[in-house]
Structure formats: structure tokens, C-alpha cells
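Asks: I'd like to ask you about the structure that follows.
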Amino acid sequence: MAAWRLVRKGARRTRWSRGCGSGCCSSVTTSSRGWLDLFGAGDVGERLGVDDGRAARRLADLHRREIRHVFARFELRRAVYGSRAGQAIEAVPLDERLRLPPGKNSYLLQDGDQEMAMEKPFVHVSTCLSRILGFRQSVHTLERAQHAMAKAVEALWAQRPVPPAEQEGKILVCTADGKAVPRRGTATTPEGAAPPTTGGRRPGTKKMARLGSVYSVDPFMRTPGEVLAALFRDAPRAPPPARPRPCFQHVRAALQRDELESTAPQVDTLFGWMAAQVRQRHGEGERPIGLLMDGQELLWRAGREHLPDALADITEILDLLHATSSLWEAAYRFHPTGSDAACDFVKAQTPPMRNGEIAPVIHSLRWLGTPHKLKGKRRDELERICGDFNHNAHRMAYAVYREHGLPIASGVSEGACRCVVKDRLERSGMRWVMSGARAMLDLRCIHLSNLWEELITFRIQRESQRLYPGSAANDADFSQPLAA
């Protein structure tokens, strides 16, 4: 992946193998060293004006700095300016001219490191790149660099331009869910006390993160038979109709707690971001908005509190897959798990639900509870399922949703949200501290939203303005080579 990044960035290196025998690597290193030598030591004279109007003087000795970029590892010897030796350095013209980052690793190297870390464990990134580049980066270095890069994510979301209206779909869809992140560190049990019961899971090993997605899509008209075929693989299936592609699908995650360990801050963060997306992309009220989620009342309440319903009609839709899973749960109250009878039961109850006829489904479930003589826990579980259907009936008008081409299942966004956590943070043996999990979630969402290049450019500009506020490189019409 790092080699691919170099080709795409336009870095002029034709081979990556160390010790290839052709002399290409040594020639690349020599040419890179020569390119850096062209900039000299950054000596601009005895005196240099600094931001507050004073003139800092050039210190007697050249100061050394190690630079690691994608070609090799170099040491720069550069002139520095300040009041006197031993005091803080006030200006380094060579660093400013090359727009060097605060640490040793160049921006392009950080880019390659962290994009690879979006898919691979840090130790794999360290081992792979050390073999390619000829120097090793510790796992701790990669983790700290990720924390630094993630600090730019919030600012990027706040200043992103609105997607072009002509490229958006006709329907705007918002969805949210929760995913558990394995946490490092567990609560301790006082000596002599019985350990708390957690259903077979060690206490304190998971922290719930909230994930959301916003995208636009064109209406997708389907017949009841096509919906049934999508739910049951053995149903008669014609060639599936072509689905419209989601447009500008953006994913966001939040993993925050307040002093009371409440998840309220992360819910506010996530739905505040979704509300900002709706305000920007609703299309002057002409684009209908669908809020598609499962049955968590906490999320529905947050949607009502945050989403700007004054801008457009917001249609609440209970995910059909979630509703169907509740039917399967009810089926196992009457029939053995995995049996054909349970499957036939769900197939019989799905058509009325698919048509938005929820009252008959509830009546059938309660009526079947009598001949099957459900008692105790099994009866309570059936009543809970019926109660959930009754509570969400106004979100289950699937026939009406189909007529208007609205999505009724969250497969598009559910897949994106799930892979944010599952494909990277839930691998075997992985445990995360909160700050590390937050940084990884923030960058994974940027990566899955196809905003990685935008983040890298934004971060370089942001750090350049912070480190070198008076540099001409911060002007919009100024361009110069960036050290690799």
C-alpha cells in the first residue's frame, strides 16, 4: 500500500526493494540527498525578523534534525535563530521552506503509515514498512502519530463544503446504531466479594460506541415479491433489479463519556453531526429525509431532539431486518431453533408485516401463545416482542415506504458502520484504551467516507499555518515542493 501511495502522490521512485542488486536504491537515496542539499542550511543572514517585530540573531552552531521520509532517513544541519544559545529557538528558515512537520516523519510517510494502519495492526505496519524503507518505526510512534492526525478530524467535518446538489440523490437517509469496542482494563472485584454476573462476559471489557451514516440515494421501487425474495434466499428469485448507488455516504463515530460514565455526550455529538449534514444537504426542503434505525428508543429520541424537522418532513422507519429478526425470536418461542417449522412461521408472518399490517401480526403472536401454553420467561419474552411491534407500528408502514421508493432496510449503512469497528477494532486479542479507540474510529470513518486525501491536505495546511504563520506557503496562490 505504501508503494502505491508513492506512485499516486507522484514521488519519483521506481523500485522499493532494498538490496535489489541493481544500484537503484542507492541512486535514489543519493538524488534525494542532493535535492535536500539544494536548499542549503537555511542561512538568511545574521538577523531574521520574527512575528512580534523583533530581530532574532543566527546562533553560532548548526543544529541537527533527523528526517525520515519514504526514500531514506536523513540528518539535516540547519541554521537556527533565537535570542541566544540555550534559549528557545524562534525560527528555523529551512524547516519553514520545506514545511517540515513537528516530528521526525515526513507528511507523506505519516500518510502511508496511517492509511495502512486503517486495515492492518500497528505491529504489522511497523514490520512491513521497516522491510521496505530500511528503518523501523515503533508501534508507540505509529500510535502517537495516529492520535496527532485524528485531532484534525473534527475541524475537517466542521468546514467541509456541501456536496454538489446536482450530484445528490433525491432522498436523504440518516441512520445510527451502536457497536461495542473491546476495552483494555477491567474493573477489579474487592477481596472476598463475589464477581458480578455479566452473562459470561468479563466486566468492563466493552464500551459502546455510537455510529451514524448520512447519504443520499434515488428512489428504489420494489414489488412485495422482490422484498420477500431479498429476505429469504429460498424464495422465488428473479434477477434482482439494479439498485441506485448511495451518493456522498459519510460515516461518523463517537466514543465519549461524561463524569457519570453516561453515553449522552457521544449521542449529542453523533446526532449533532447528522443534524448539520441534514441542514446542508436537505435541498431547500425538496429532498425527503428518512431516519432509518433499529428499535433503540434512545436513538429515536435523539433523532427527534436534534434533527431539524422544521426544514423538511422526516420519516421514521424501523429497519425491516430488525423487525424480521424479532419475528424469528418469536418463532423460537413456539418451535425448535433452526427448525423448518420456525422458518415456515416467519414466512407466514412476513407478508402482512411487509405490507405494514402490524396489528394482525401482534394478534397472531398473542393468540399462538395460548395453545403453546407459554408461561413465565417465555411468555414475558413474547409480550416484549409484541410490545415492541405495537410501539413501533407507526414506523413500519413498509407498503407506503415502498410506493415512494424509500429505503426500508439499513443494509447499505449497516455494512459501513459495522466494518468501522468489527473489521479493525474487534480482531482476535485486540483491546483498546479509550483515547486510542477514539482516534482509530475517527480516522476509520474518514477513510470509509472516501475523505482520506481531503484530510491529509487539510491537516498539512492546518499545521503549516500553526508552525509557520508568516510563511508565503500559506498563501492560496503559492505552491512549492513538499518534503516527502
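By convention here, the chains of the C-alpha cells are called A, B, ... in the order presented, each chain's residues are numbered starting at 1, and ligands are numbered starting at 1 in the order presented.
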Please identify all polymer residues within 12 Å of Ala253 of chain A, counting only C-alpha atoms, omitting same-chain residues fewer than 2 positions from it, and present them as an NGL selection string.

Replies: :A and (153-154 or 175-181 or 208-214 or 250-251 or 255-256 or 266-274 or 416-421 or 437-446 or 448-449)
